>>> print(open('query-v6.pdb').read())   # PDB, C-alpha atoms and all ligand atoms
ATOM      1  CA  MET A   1     171.172  71.101 170.826  1.00  0.00           C
ATOM      2  CA  GLU A   2     169.803  70.864 174.361  1.00  0.00           C
ATOM      3  CA  LEU A   3     169.425  73.890 176.624  1.00  0.00           C
ATOM      4  CA  PHE A   4     168.972  74.416 180.357  1.00  0.00           C
ATOM      5  CA  ASP A   5     166.990  77.487 181.430  1.00  0.00           C
ATOM      6  CA  SER A   6     168.363  78.068 184.932  1.00  0.00           C
ATOM      7  CA  HIS A   7     165.621  80.485 186.055  1.00  0.00           C
ATOM      8  CA  ALA A   8     161.991  81.006 185.002  1.00  0.00           C
ATOM      9  CA  HIS A   9     158.598  81.547 186.639  1.00  0.00           C
ATOM     10  CA  TYR A  10     155.858  79.299 185.269  1.00  0.00           C
ATOM     11  CA  ASN A  11     154.143  79.915 188.605  1.00  0.00           C
ATOM     12  CA  ASP A  12     153.443  83.456 187.355  1.00  0.00           C
ATOM     13  CA  GLU A  13     149.820  84.309 186.555  1.00  0.00           C
ATOM     14  CA  LYS A  14     150.844  85.266 183.010  1.00  0.00           C
ATOM     15  CA  PHE A  15     151.035  81.512 182.304  1.00  0.00           C
ATOM     16  CA  GLU A  16     147.712  80.653 183.881  1.00  0.00           C
ATOM     17  CA  GLU A  17     145.840  80.209 180.587  1.00  0.00           C
ATOM     18  CA  ASP A  18     148.299  78.100 178.637  1.00  0.00           C
ATOM     19  CA  ARG A  19     150.943  76.784 181.046  1.00  0.00           C
ATOM     20  CA  GLU A  20     150.762  73.124 180.025  1.00  0.00           C
ATOM     21  CA  GLU A  21     150.795  73.841 176.289  1.00  0.00           C
ATOM     22  CA  ILE A  22     153.762  76.185 176.621  1.00  0.00           C
ATOM     23  CA  LEU A  23     155.707  73.718 178.761  1.00  0.00           C
ATOM     24  CA  LYS A  24     155.185  71.031 176.103  1.00  0.00           C
ATOM     25  CA  GLU A  25     156.403  73.356 173.356  1.00  0.00           C
ATOM     26  CA  ILE A  26     159.415  74.369 175.433  1.00  0.00           C
ATOM     27  CA  TYR A  27     160.501  70.774 175.929  1.00  0.00           C
ATOM     28  CA  LYS A  28     159.985  69.973 172.245  1.00  0.00           C
ATOM     29  CA  SER A  29     162.120  72.972 171.283  1.00  0.00           C
ATOM     30  CA  GLY A  30     165.154  71.476 173.058  1.00  0.00           C
ATOM     31  CA  VAL A  31     164.960  73.123 176.477  1.00  0.00           C
ATOM     32  CA  THR A  32     165.142  69.785 178.238  1.00  0.00           C
ATOM     33  CA  LYS A  33     165.671  71.132 181.756  1.00  0.00           C
ATOM     34  CA  LEU A  34     164.540  74.212 183.602  1.00  0.00           C
ATOM     35  CA  VAL A  35     164.384  75.587 187.115  1.00  0.00           C
ATOM     36  CA  ASN A  36     161.189  77.272 188.189  1.00  0.00           C
ATOM     37  CA  ALA A  37     162.009  79.882 190.834  1.00  0.00           C
ATOM     38  CA  GLY A  38     159.872  80.781 193.826  1.00  0.00           C
ATOM     39  CA  TYR A  39     159.783  84.354 195.141  1.00  0.00           C
ATOM     40  CA  SER A  40     157.144  84.170 197.908  1.00  0.00           C
ATOM     41  CA  LEU A  41     155.533  81.501 200.023  1.00  0.00           C
ATOM     42  CA  GLU A  42     152.664  80.955 197.562  1.00  0.00           C
ATOM     43  CA  SER A  43     154.848  80.992 194.453  1.00  0.00           C
ATOM     44  CA  SER A  44     157.281  78.587 196.129  1.00  0.00           C
ATOM     45  CA  LYS A  45     154.441  76.147 196.740  1.00  0.00           C
ATOM     46  CA  SER A  46     153.267  76.361 193.145  1.00  0.00           C
ATOM     47  CA  ALA A  47     156.865  76.050 191.895  1.00  0.00           C
ATOM     48  CA  ILE A  48     157.089  72.717 193.713  1.00  0.00           C
ATOM     49  CA  GLN A  49     153.743  71.604 192.321  1.00  0.00           C
ATOM     50  CA  ILE A  50     154.819  72.364 188.757  1.00  0.00           C
ATOM     51  CA  ALA A  51     158.151  70.597 189.276  1.00  0.00           C
ATOM     52  CA  ASN A  52     156.422  67.553 190.735  1.00  0.00           C
ATOM     53  CA  SER A  53     154.230  67.145 187.677  1.00  0.00           C
ATOM     54  CA  HIS A  54     157.007  67.538 185.048  1.00  0.00           C
ATOM     55  CA  ASP A  55     160.143  65.390 184.974  1.00  0.00           C
ATOM     56  CA  PHE A  56     162.245  68.091 183.316  1.00  0.00           C
ATOM     57  CA  ILE A  57     161.413  70.854 185.810  1.00  0.00           C
ATOM     58  CA  TYR A  58     163.075  71.598 189.170  1.00  0.00           C
ATOM     59  CA  SER A  59     162.307  74.368 191.622  1.00  0.00           C
ATOM     60  CA  THR A  60     163.698  76.817 194.128  1.00  0.00           C
ATOM     61  CA  VAL A  61     161.880  78.159 197.169  1.00  0.00           C
ATOM     62  CA  GLY A  62     162.396  81.487 198.854  1.00  0.00           C
ATOM     63  CA  ILE A  63     161.081  84.946 199.656  1.00  0.00           C
ATOM     64  CA  SER A  64     162.370  87.736 197.439  1.00  0.00           C
ATOM     65  CA  PRO A  65     163.091  91.264 198.725  1.00  0.00           C
ATOM     66  CA  ASN A  66     160.060  92.468 196.738  1.00  0.00           C
ATOM     67  CA  ASP A  67     157.706  90.071 198.505  1.00  0.00           C
ATOM     68  CA  ILE A  68     158.229  90.886 202.173  1.00  0.00           C
ATOM     69  CA  ALA A  69     155.492  93.494 202.636  1.00  0.00           C
ATOM     70  CA  ASP A  70     153.431  91.149 204.817  1.00  0.00           C
ATOM     71  CA  TYR A  71     156.309  88.919 205.870  1.00  0.00           C
ATOM     72  CA  LYS A  72     156.035  86.964 209.123  1.00  0.00           C
ATOM     73  CA  LYS A  73     158.840  85.078 210.876  1.00  0.00           C
ATOM     74  CA  GLU A  74     156.871  81.801 210.597  1.00  0.00           C
ATOM     75  CA  ASP A  75     157.107  82.070 206.816  1.00  0.00           C
ATOM     76  CA  LEU A  76     160.761  81.134 207.026  1.00  0.00           C
ATOM     77  CA  LYS A  77     159.957  77.936 208.889  1.00  0.00           C
ATOM     78  CA  GLU A  78     157.596  77.089 206.063  1.00  0.00           C
ATOM     79  CA  ILE A  79     160.243  77.860 203.430  1.00  0.00           C
ATOM     80  CA  GLU A  80     162.600  75.530 205.278  1.00  0.00           C
ATOM     81  CA  ASN A  81     160.018  72.738 205.223  1.00  0.00           C
ATOM     82  CA  LEU A  82     159.221  73.285 201.551  1.00  0.00           C
ATOM     83  CA  ALA A  83     162.942  73.209 200.763  1.00  0.00           C
ATOM     84  CA  LYS A  84     163.075  69.574 201.870  1.00  0.00           C
ATOM     85  CA  SER A  85     160.893  68.568 198.930  1.00  0.00           C
ATOM     86  CA  PRO A  86     162.899  66.313 196.559  1.00  0.00           C
ATOM     87  CA  LYS A  87     162.858  68.567 193.485  1.00  0.00           C
ATOM     88  CA  VAL A  88     163.940  71.725 195.296  1.00  0.00           C
ATOM     89  CA  VAL A  89     167.496  72.509 194.184  1.00  0.00           C
ATOM     90  CA  ALA A  90     168.189  75.879 195.854  1.00  0.00           C
ATOM     91  CA  ILE A  91     166.938  78.627 198.141  1.00  0.00           C
ATOM     92  CA  GLY A  92     165.874  81.577 195.989  1.00  0.00           C
ATOM     93  CA  GLU A  93     165.289  83.983 194.703  1.00  0.00           C
ATOM     94  CA  ILE A  94     166.539  85.920 197.702  1.00  0.00           C
ATOM     95  CA  GLY A  95     168.520  89.130 198.050  1.00  0.00           C
ATOM     96  CA  LEU A  96     168.164  92.885 198.047  1.00  0.00           C
ATOM     97  CA  ASP A  97     166.254  95.254 195.776  1.00  0.00           C
ATOM     98  CA  TYR A  98     166.656  98.990 196.394  1.00  0.00           C
ATOM     99  CA  TYR A  99     165.179  99.846 193.007  1.00  0.00           C
ATOM    100  CA  TRP A 100     161.641  98.722 193.901  1.00  0.00           C
ATOM    101  CA  ASN A 101     161.937  98.966 197.701  1.00  0.00           C
ATOM    102  CA  LYS A 102     164.053 101.571 199.417  1.00  0.00           C
ATOM    103  CA  GLU A 103     161.956 101.818 202.579  1.00  0.00           C
ATOM    104  CA  ASN A 104     162.681  98.474 204.231  1.00  0.00           C
ATOM    105  CA  LYS A 105     166.372  97.860 203.672  1.00  0.00           C
ATOM    106  CA  ASP A 106     166.947  96.454 207.171  1.00  0.00           C
ATOM    107  CA  LEU A 107     164.128  93.944 206.828  1.00  0.00           C
ATOM    108  CA  GLN A 108     165.411  92.934 203.374  1.00  0.00           C
ATOM    109  CA  LYS A 109     168.834  92.257 204.864  1.00  0.00           C
ATOM    110  CA  GLU A 110     167.380  90.276 207.757  1.00  0.00           C
ATOM    111  CA  VAL A 111     165.244  88.058 205.492  1.00  0.00           C
ATOM    112  CA  PHE A 112     168.165  87.542 203.094  1.00  0.00           C
ATOM    113  CA  ILE A 113     170.543  86.468 205.875  1.00  0.00           C
ATOM    114  CA  SER A 114     167.948  84.176 207.493  1.00  0.00           C
ATOM    115  CA  GLN A 115     167.471  82.399 204.178  1.00  0.00           C
ATOM    116  CA  ILE A 116     171.243  81.998 203.704  1.00  0.00           C
ATOM    117  CA  GLU A 117     171.134  80.218 207.063  1.00  0.00           C
ATOM    118  CA  ILE A 118     168.359  77.914 205.830  1.00  0.00           C
ATOM    119  CA  ALA A 119     170.406  77.102 202.713  1.00  0.00           C
ATOM    120  CA  ASN A 120     173.426  76.273 204.870  1.00  0.00           C
ATOM    121  CA  LYS A 121     171.380  74.107 207.182  1.00  0.00           C
ATOM    122  CA  LEU A 122     169.975  72.099 204.249  1.00  0.00           C
ATOM    123  CA  ASN A 123     173.194  72.104 202.182  1.00  0.00           C
ATOM    124  CA  LEU A 124     171.620  73.980 199.285  1.00  0.00           C
ATOM    125  CA  PRO A 125     173.029  76.752 197.083  1.00  0.00           C
ATOM    126  CA  ILE A 126     171.269  80.132 196.898  1.00  0.00           C
ATOM    127  CA  VAL A 127     169.877  82.083 193.942  1.00  0.00           C
ATOM    128  CA  ILE A 128     170.486  85.799 194.401  1.00  0.00           C
ATOM    129  CA  HIS A 129     168.352  88.656 193.171  1.00  0.00           C
ATOM    130  CA  THR A 130     170.130  91.994 193.519  1.00  0.00           C
ATOM    131  CA  ARG A 131     169.108  95.328 192.075  1.00  0.00           C
ATOM    132  CA  GLU A 132     170.719  98.677 192.885  1.00  0.00           C
ATOM    133  CA  ALA A 133     172.132  97.064 196.019  1.00  0.00           C
ATOM    134  CA  VAL A 134     175.513  95.773 194.831  1.00  0.00           C
ATOM    135  CA  TYR A 135     177.653  96.770 197.807  1.00  0.00           C
ATOM    136  CA  ASP A 136     175.204  95.714 200.516  1.00  0.00           C
ATOM    137  CA  THR A 137     174.718  92.368 198.741  1.00  0.00           C
ATOM    138  CA  LEU A 138     178.461  91.765 198.573  1.00  0.00           C
ATOM    139  CA  GLU A 139     178.908  92.757 202.198  1.00  0.00           C
ATOM    140  CA  ILE A 140     176.281  90.257 203.307  1.00  0.00           C
ATOM    141  CA  LEU A 141     177.892  87.501 201.244  1.00  0.00           C
ATOM    142  CA  LYS A 142     181.334  88.301 202.675  1.00  0.00           C
ATOM    143  CA  ASN A 143     180.020  88.221 206.247  1.00  0.00           C
ATOM    144  CA  ASN A 144     177.735  85.214 205.837  1.00  0.00           C
ATOM    145  CA  ASN A 145     179.494  82.276 204.263  1.00  0.00           C
ATOM    146  CA  CYS A 146     177.278  80.389 201.818  1.00  0.00           C
ATOM    147  CA  ASN A 147     178.458  76.805 202.162  1.00  0.00           C
ATOM    148  CA  LYS A 148     177.158  75.603 198.807  1.00  0.00           C
ATOM    149  CA  LYS A 149     177.650  78.978 197.063  1.00  0.00           C
ATOM    150  CA  GLY A 150     175.095  79.831 194.428  1.00  0.00           C
ATOM    151  CA  ILE A 151     174.156  81.983 191.494  1.00  0.00           C
ATOM    152  CA  PHE A 152     173.749  85.644 190.702  1.00  0.00           C
ATOM    153  CA  HIS A 153     170.555  85.436 188.705  1.00  0.00           C
ATOM    154  CA  CYS A 154     169.892  87.889 185.864  1.00  0.00           C
ATOM    155  CA  CYS A 155     173.417  89.256 185.975  1.00  0.00           C
ATOM    156  CA  PRO A 156     173.406  92.983 186.622  1.00  0.00           C
ATOM    157  CA  PHE A 157     176.033  94.528 184.367  1.00  0.00           C
ATOM    158  CA  ASN A 158     178.173  95.802 187.184  1.00  0.00           C
ATOM    159  CA  VAL A 159     181.890  95.049 186.992  1.00  0.00           C
ATOM    160  CA  ASP A 160     182.450  95.120 190.779  1.00  0.00           C
ATOM    161  CA  LEU A 161     179.595  92.743 191.435  1.00  0.00           C
ATOM    162  CA  VAL A 162     180.767  90.231 188.854  1.00  0.00           C
ATOM    163  CA  ARG A 163     184.423  90.407 189.898  1.00  0.00           C
ATOM    164  CA  GLU A 164     183.658  90.046 193.615  1.00  0.00           C
ATOM    165  CA  GLY A 165     180.908  87.487 193.026  1.00  0.00           C
ATOM    166  CA  LEU A 166     183.330  85.288 191.083  1.00  0.00           C
ATOM    167  CA  LYS A 167     185.934  85.669 193.847  1.00  0.00           C
ATOM    168  CA  LEU A 168     183.353  84.421 196.334  1.00  0.00           C
ATOM    169  CA  GLY A 169     182.856  81.337 194.153  1.00  0.00           C
ATOM    170  CA  PHE A 170     179.456  82.201 192.689  1.00  0.00           C
ATOM    171  CA  TYR A 171     178.112  81.477 189.236  1.00  0.00           C
ATOM    172  CA  ILE A 172     176.806  84.259 187.003  1.00  0.00           C
ATOM    173  CA  SER A 173     173.574  83.689 185.098  1.00  0.00           C
ATOM    174  CA  PHE A 174     172.868  85.750 181.981  1.00  0.00           C
ATOM    175  CA  ALA A 175     169.330  86.735 180.998  1.00  0.00           C
ATOM    176  CA  GLY A 176     167.559  88.764 178.299  1.00  0.00           C
ATOM    177  CA  PRO A 177     169.286  92.117 178.983  1.00  0.00           C
ATOM    178  CA  THR A 178     172.476  90.469 177.679  1.00  0.00           C
ATOM    179  CA  THR A 179     170.997  90.948 174.205  1.00  0.00           C
ATOM    180  CA  PHE A 180     169.715  94.519 174.677  1.00  0.00           C
ATOM    181  CA  LYS A 181     171.407  97.167 172.618  1.00  0.00           C
ATOM    182  CA  ASN A 182     171.568  99.514 175.614  1.00  0.00           C
ATOM    183  CA  SER A 183     173.460  96.945 177.732  1.00  0.00           C
ATOM    184  CA  LYS A 184     176.686  98.546 176.584  1.00  0.00           C
ATOM    185  CA  ASN A 185     179.070  96.701 178.873  1.00  0.00           C
ATOM    186  CA  ALA A 186     177.525  93.259 178.297  1.00  0.00           C
ATOM    187  CA  PRO A 187     180.481  92.138 176.121  1.00  0.00           C
ATOM    188  CA  GLU A 188     182.989  93.265 178.777  1.00  0.00           C
ATOM    189  CA  ILE A 189     181.095  91.396 181.513  1.00  0.00           C
ATOM    190  CA  ILE A 190     180.680  88.265 179.410  1.00  0.00           C
ATOM    191  CA  LYS A 191     184.437  88.259 178.757  1.00  0.00           C
ATOM    192  CA  MET A 192     185.082  88.526 182.523  1.00  0.00           C
ATOM    193  CA  VAL A 193     183.110  85.398 183.356  1.00  0.00           C
ATOM    194  CA  PRO A 194     184.995  82.131 182.813  1.00  0.00           C
ATOM    195  CA  LEU A 195     183.103  79.453 180.905  1.00  0.00           C
ATOM    196  CA  ASP A 196     182.893  77.188 183.942  1.00  0.00           C
ATOM    197  CA  LYS A 197     181.051  79.871 185.949  1.00  0.00           C
ATOM    198  CA  MET A 198     178.427  80.764 183.389  1.00  0.00           C
ATOM    199  CA  LEU A 199     174.712  79.939 183.284  1.00  0.00           C
ATOM    200  CA  ILE A 200     171.872  81.118 181.060  1.00  0.00           C
ATOM    201  CA  GLU A 201     168.251  81.853 181.916  1.00  0.00           C
ATOM    202  CA  THR A 202     165.138  83.619 180.666  1.00  0.00           C
ATOM    203  CA  ASP A 203     163.491  84.866 183.904  1.00  0.00           C
ATOM    204  CA  SER A 204     160.228  84.169 181.999  1.00  0.00           C
ATOM    205  CA  PRO A 205     157.686  85.698 181.708  1.00  0.00           C
ATOM    206  CA  TYR A 206     159.870  88.810 182.110  1.00  0.00           C
ATOM    207  CA  LEU A 207     162.824  90.236 180.218  1.00  0.00           C
ATOM    208  CA  SER A 208     162.316  88.839 176.715  1.00  0.00           C
ATOM    209  CA  PRO A 209     165.551  89.005 174.770  1.00  0.00           C
ATOM    210  CA  GLU A 210     165.933  90.719 171.423  1.00  0.00           C
ATOM    211  CA  PRO A 211     164.177  90.201 168.981  1.00  0.00           C
ATOM    212  CA  PHE A 212     161.118  89.713 171.260  1.00  0.00           C
ATOM    213  CA  ARG A 213     161.707  92.525 173.729  1.00  0.00           C
ATOM    214  CA  GLY A 214     158.478  93.633 175.429  1.00  0.00           C
ATOM    215  CA  LYS A 215     156.557  90.395 174.731  1.00  0.00           C
ATOM    216  CA  ARG A 216     155.831  87.619 177.245  1.00  0.00           C
ATOM    217  CA  ASN A 217     158.991  85.582 177.570  1.00  0.00           C
ATOM    218  CA  ASP A 218     159.283  81.795 177.693  1.00  0.00           C
ATOM    219  CA  SER A 219     162.180  79.350 177.909  1.00  0.00           C
ATOM    220  CA  ARG A 220     162.352  78.760 174.151  1.00  0.00           C
ATOM    221  CA  ASN A 221     164.117  82.135 174.001  1.00  0.00           C
ATOM    222  CA  VAL A 222     167.056  81.010 176.127  1.00  0.00           C
ATOM    223  CA  LYS A 223     168.871  80.139 172.880  1.00  0.00           C
ATOM    224  CA  TYR A 224     169.230  83.852 172.098  1.00  0.00           C
ATOM    225  CA  ILE A 225     171.259  84.325 175.275  1.00  0.00           C
ATOM    226  CA  ALA A 226     173.468  81.366 174.337  1.00  0.00           C
ATOM    227  CA  GLU A 227     173.922  82.825 170.855  1.00  0.00           C
ATOM    228  CA  LYS A 228     174.947  86.251 172.168  1.00  0.00           C
ATOM    229  CA  ILE A 229     177.488  84.736 174.587  1.00  0.00           C
ATOM    230  CA  ALA A 230     178.820  82.466 171.823  1.00  0.00           C
ATOM    231  CA  ASN A 231     179.442  85.486 169.586  1.00  0.00           C
ATOM    232  CA  ILE A 232     181.421  87.241 172.288  1.00  0.00           C
ATOM    233  CA  LYS A 233     183.366  84.166 173.408  1.00  0.00           C
ATOM    234  CA  ASN A 234     184.060  83.135 169.784  1.00  0.00           C
ATOM    235  CA  LEU A 235     182.416  79.762 170.230  1.00  0.00           C
ATOM    236  CA  LEU A 236     179.436  77.993 168.687  1.00  0.00           C
ATOM    237  CA  THR A 237     175.985  78.454 170.219  1.00  0.00           C
ATOM    238  CA  GLU A 238     175.916  74.653 170.666  1.00  0.00           C
ATOM    239  CA  GLU A 239     179.103  74.812 172.728  1.00  0.00           C
ATOM    240  CA  ILE A 240     177.678  77.481 175.054  1.00  0.00           C
ATOM    241  CA  ALA A 241     174.471  75.442 175.335  1.00  0.00           C
ATOM    242  CA  GLU A 242     176.437  72.348 176.377  1.00  0.00           C
ATOM    243  CA  ILE A 243     178.778  74.186 178.790  1.00  0.00           C
ATOM    244  CA  THR A 244     175.960  76.028 180.565  1.00  0.00           C
ATOM    245  CA  TYR A 245     173.879  72.838 180.697  1.00  0.00           C
ATOM    246  CA  GLN A 246     176.667  71.006 182.514  1.00  0.00           C
ATOM    247  CA  ASN A 247     177.336  73.983 184.835  1.00  0.00           C
ATOM    248  CA  THR A 248     173.671  74.148 185.827  1.00  0.00           C
ATOM    249  CA  LEU A 249     173.510  70.414 186.554  1.00  0.00           C
ATOM    250  CA  LYS A 250     176.607  70.838 188.702  1.00  0.00           C
ATOM    251  CA  ILE A 251     175.577  73.819 190.849  1.00  0.00           C
ATOM    252  CA  PHE A 252     172.081  72.397 191.442  1.00  0.00           C
ATOM    253  CA  LYS A 253     173.412  68.831 191.953  1.00  0.00           C
ATOM    254  CA  ILE A 254     170.926  67.369 189.483  1.00  0.00           C
TER
HETATM  255 NI    NI B 301     163.187  85.785 188.712  1.00  0.00          NI
END
>>> encode(input="query-v6.pdb", output="C-alpha cells")
Amino acid sequence: MELFDSHAHYNDEKFEEDREEILKEIYKSGVTKLVNAGYSLESSKSAIQIANSHDFIYSTVGISPNDIADYKKEDLKEIENLAKSPKVVAIGEIGLDYYWNKENKDLQKEVFISQIEIANKLNLPIVIHTREAVYDTLEILKNNNCNKKGIFHCCPFNVDLVREGLKLGFYISFAGPTTFKNSKNAPEIIKMVPLDKMLIETDSPYLSPEPFRGKRNDSRNVKYIAEKIANIKNLLTEEIAEITYQNTLKIFKI
C-alpha cells in the first residue's frame, strides 16, 4: 500500500534534530509522496529546499493568516517568485483564522485575496486554512474565482463549509481530528464527501491521530486517517489509500 500525505510541515523546528532520519523512515513505511506546506516567507523557502533535496517531496508556498504580524507588501512579490520553483504545486496555506487572530480580520482577508490572485496568475491551486471563519472564507471564494480550485486542508467539521466548498469545486483533506472521539460529526462529513474529492494528510508535526494524540506527528500516521475513512465508506484502507493518492496527484498536477 502506498500513501500520499497531502499536507505536512517538515520545515517546522520540531523536526530540526532528526528530519532526515524521519523522512527516510516515512518513505520506507509506504508514504511515497508528500507535500510540505509553507506558511510564511521563511517556511516557504525551507519547504522548497526540502522538496529540492528529496524526490518524493513537493511543496507549497504562502503566508498563513497566523503569520502576518510583520507582513509587508513586498513579501507577496517574493511568494510569487518562489512559486515559480519547479516543485511548488500550490499556493498555501492561506486563508482566515479567527480562532488565533481576531484583531486583524481585514488584513487577513486582503492577504488571502492577494494570494488567490498569485495562484491565478501562475495557474496553481490553493491550499486553504480556515478556522472559525467559515462564512467569510466562503464569501471570499465566491467573490474571487480560483481558476485551478484547491483544497480545504485539515477539514473543519462544519457541514456548511463542506457542502459549499464541494459546490465550488474544492477538494476536502482529512487530518488527525477525523479520528478523535470528540469529532462527533466526522462520519456525517466523511459520508458527504465523494470519493473523487477526498484527500488525506497529517499536518505533521501537529494533530496526531488516535492512538498517538498529543505526540509529535509524522506522515507514517496518515494510514490511520485512511483507515477511519475506509471504515465509514465501507471500503478497504488500501482502496482509500489508492483513491486519495490519485486525487492528490491530480489536484497538484504531479
Ligand atoms: Ni498546516
>>> residues_near_ligand(input="query-v6.pdb", ligand="ligand NI 301 (chain B)", cutoff="9 Å", atoms="only C-alpha atoms and all ligand atoms", output="PyMOL selection string")
chain A and resi 7-9+36-39+64+92-93+129+153-154+202-206
>>> atom_distance(input="query-v6.pdb", atom1="CA of Phe174 in chain A", atom2="CA of His54 in chain A")
24.3 Å
>>> atom_distance(input="query-v6.pdb", atom1="CA of Phe112 in chain A", atom2="CA of Ile128 in chain A")
9.2 Å
>>> atom_distance(input="query-v6.pdb", atom1="CA of Ile229 in chain A", atom2="CA of Ile190 in chain A")
6.8 Å
>>> closest_residue(input="query-v6.pdb", among="A:Cys146, A:Ile151, A:Ala133, A:Ile91", to="Lys105 in chain A", atoms="only C-alpha atoms")
A:Ala133
>>> closest_residue(input="query-v6.pdb", among="A:Pro65, A:Gly169, A:Gly176, A:Pro86", to="Pro194 in chain A", atoms="only C-alpha atoms")
A:Gly169
>>> residues_around(input="query-v6.pdb", residues="Lys102 in chain A", least_positions_apart="6", cutoff="10 Å", atoms="all atoms listed in the file", output="list in words")
Leu96, Gln108, Glu132 and Ala133 of chain A
>>> write_last_selection(input="query-v6.pdb", atoms="C-alpha atoms", output="CSV table (one decimal), in the frame of the given file")
chain,number,residue,atom,x,y,z
A,96,LEU,CA,168.2,92.9,198.0
A,108,GLN,CA,165.4,92.9,203.4
A,132,GLU,CA,170.7,98.7,192.9
A,133,ALA,CA,172.1,97.1,196.0
>>> resolve_selection(input="query-v6.pdb", expression="the PyMOL selection byres (((chain A and resi 14-31) around 10) and not hetatm)", output="ChimeraX atom specification")
/A:1-5,9-13,32-34,50,54,56-57,204-206,216-223,241,245
>>> residues_around(input="query-v6.pdb", residues="Arg131 in chain A", least_positions_apart="6", cutoff="8 Å", atoms="only C-alpha atoms", output="list in words")
Leu96, Asp97, Tyr98, Tyr99 and Pro156 of chain A
>>> closest_residue(input="query-v6.pdb", among="A:Thr244, A:Ser114, A:Asn52, A:Asn143", to="Lys77 in chain A", atoms="only C-alpha atoms")
A:Ser114
>>> resolve_selection(input="query-v6.pdb", expression="the PyMOL selection byres (((chain A and resi 157-159) around 8) and not hetatm)", output="list in words")
Cys155, Pro156, Asp160, Leu161, Val162, Arg163, Ser183, Asn185, Ala186 and Ile189 of chain A
>>> build_atoms(input="query-v6.pdb", residues="range 163-168 of chain A", atoms="all heavy atoms", output="PDB file, in the frame of the given file")
ATOM      1  N   ARG A 163     183.072  90.754 189.442  1.00  0.00           N
ATOM      2  CA  ARG A 163     184.423  90.407 189.898  1.00  0.00           C
ATOM      3  C   ARG A 163     184.384  89.818 191.313  1.00  0.00           C
ATOM      4  O   ARG A 163     184.952  88.769 191.584  1.00  0.00           O
ATOM      5  CB  ARG A 163     185.325  91.645 189.849  1.00  0.00           C
ATOM      6  CG  ARG A 163     186.815  91.307 190.028  1.00  0.00           C
ATOM      7  CD  ARG A 163     187.687  92.547 190.169  1.00  0.00           C
ATOM      8  NE  ARG A 163     187.114  93.471 191.122  1.00  0.00           N
ATOM      9  CZ  ARG A 163     186.762  94.737 190.845  1.00  0.00           C
ATOM     10  NH1 ARG A 163     186.958  95.232 189.643  1.00  0.00           N
ATOM     11  NH2 ARG A 163     186.225  95.504 191.778  1.00  0.00           N
ATOM     12  N   GLU A 164     183.712  90.503 192.222  1.00  0.00           N
ATOM     13  CA  GLU A 164     183.658  90.046 193.615  1.00  0.00           C
ATOM     14  C   GLU A 164     182.829  88.766 193.751  1.00  0.00           C
ATOM     15  O   GLU A 164     183.170  87.885 194.534  1.00  0.00           O
ATOM     16  CB  GLU A 164     183.084  91.146 194.519  1.00  0.00           C
ATOM     17  CG  GLU A 164     183.951  92.395 194.585  1.00  0.00           C
ATOM     18  CD  GLU A 164     185.376  92.110 195.053  1.00  0.00           C
ATOM     19  OE1 GLU A 164     185.530  91.427 196.079  1.00  0.00           O
ATOM     20  OE2 GLU A 164     186.320  92.542 194.368  1.00  0.00           O
ATOM     21  N   GLY A 165     181.749  88.691 193.001  1.00  0.00           N
ATOM     22  CA  GLY A 165     180.908  87.487 193.026  1.00  0.00           C
ATOM     23  C   GLY A 165     181.695  86.257 192.594  1.00  0.00           C
ATOM     24  O   GLY A 165     181.606  85.192 193.214  1.00  0.00           O
ATOM     25  N   LEU A 166     182.501  86.407 191.550  1.00  0.00           N
ATOM     26  CA  LEU A 166     183.330  85.288 191.083  1.00  0.00           C
ATOM     27  C   LEU A 166     184.359  84.906 192.148  1.00  0.00           C
ATOM     28  O   LEU A 166     184.588  83.728 192.403  1.00  0.00           O
ATOM     29  CB  LEU A 166     184.034  85.656 189.772  1.00  0.00           C
ATOM     30  CG  LEU A 166     183.131  85.704 188.526  1.00  0.00           C
ATOM     31  CD1 LEU A 166     183.877  86.350 187.355  1.00  0.00           C
ATOM     32  CD2 LEU A 166     182.639  84.312 188.129  1.00  0.00           C
ATOM     33  N   LYS A 167     184.947  85.934 192.786  1.00  0.00           N
ATOM     34  CA  LYS A 167     185.934  85.669 193.847  1.00  0.00           C
ATOM     35  C   LYS A 167     185.322  84.863 194.990  1.00  0.00           C
ATOM     36  O   LYS A 167     185.983  84.042 195.613  1.00  0.00           O
ATOM     37  CB  LYS A 167     186.439  86.991 194.437  1.00  0.00           C
ATOM     38  CG  LYS A 167     187.741  87.473 193.831  1.00  0.00           C
ATOM     39  CD  LYS A 167     188.327  88.555 194.732  1.00  0.00           C
ATOM     40  CE  LYS A 167     188.856  89.687 193.886  1.00  0.00           C
ATOM     41  NZ  LYS A 167     189.052  90.920 194.647  1.00  0.00           N
ATOM     42  N   LEU A 168     184.042  85.141 195.255  1.00  0.00           N
ATOM     43  CA  LEU A 168     183.353  84.421 196.334  1.00  0.00           C
ATOM     44  C   LEU A 168     182.929  83.011 195.904  1.00  0.00           C
ATOM     45  O   LEU A 168     182.371  82.249 196.689  1.00  0.00           O
ATOM     46  CB  LEU A 168     182.116  85.205 196.786  1.00  0.00           C
ATOM     47  CG  LEU A 168     182.388  86.488 197.585  1.00  0.00           C
ATOM     48  CD1 LEU A 168     181.143  87.368 197.641  1.00  0.00           C
ATOM     49  CD2 LEU A 168     182.849  86.153 199.002  1.00  0.00           C
TER      50      LEU A 168
END
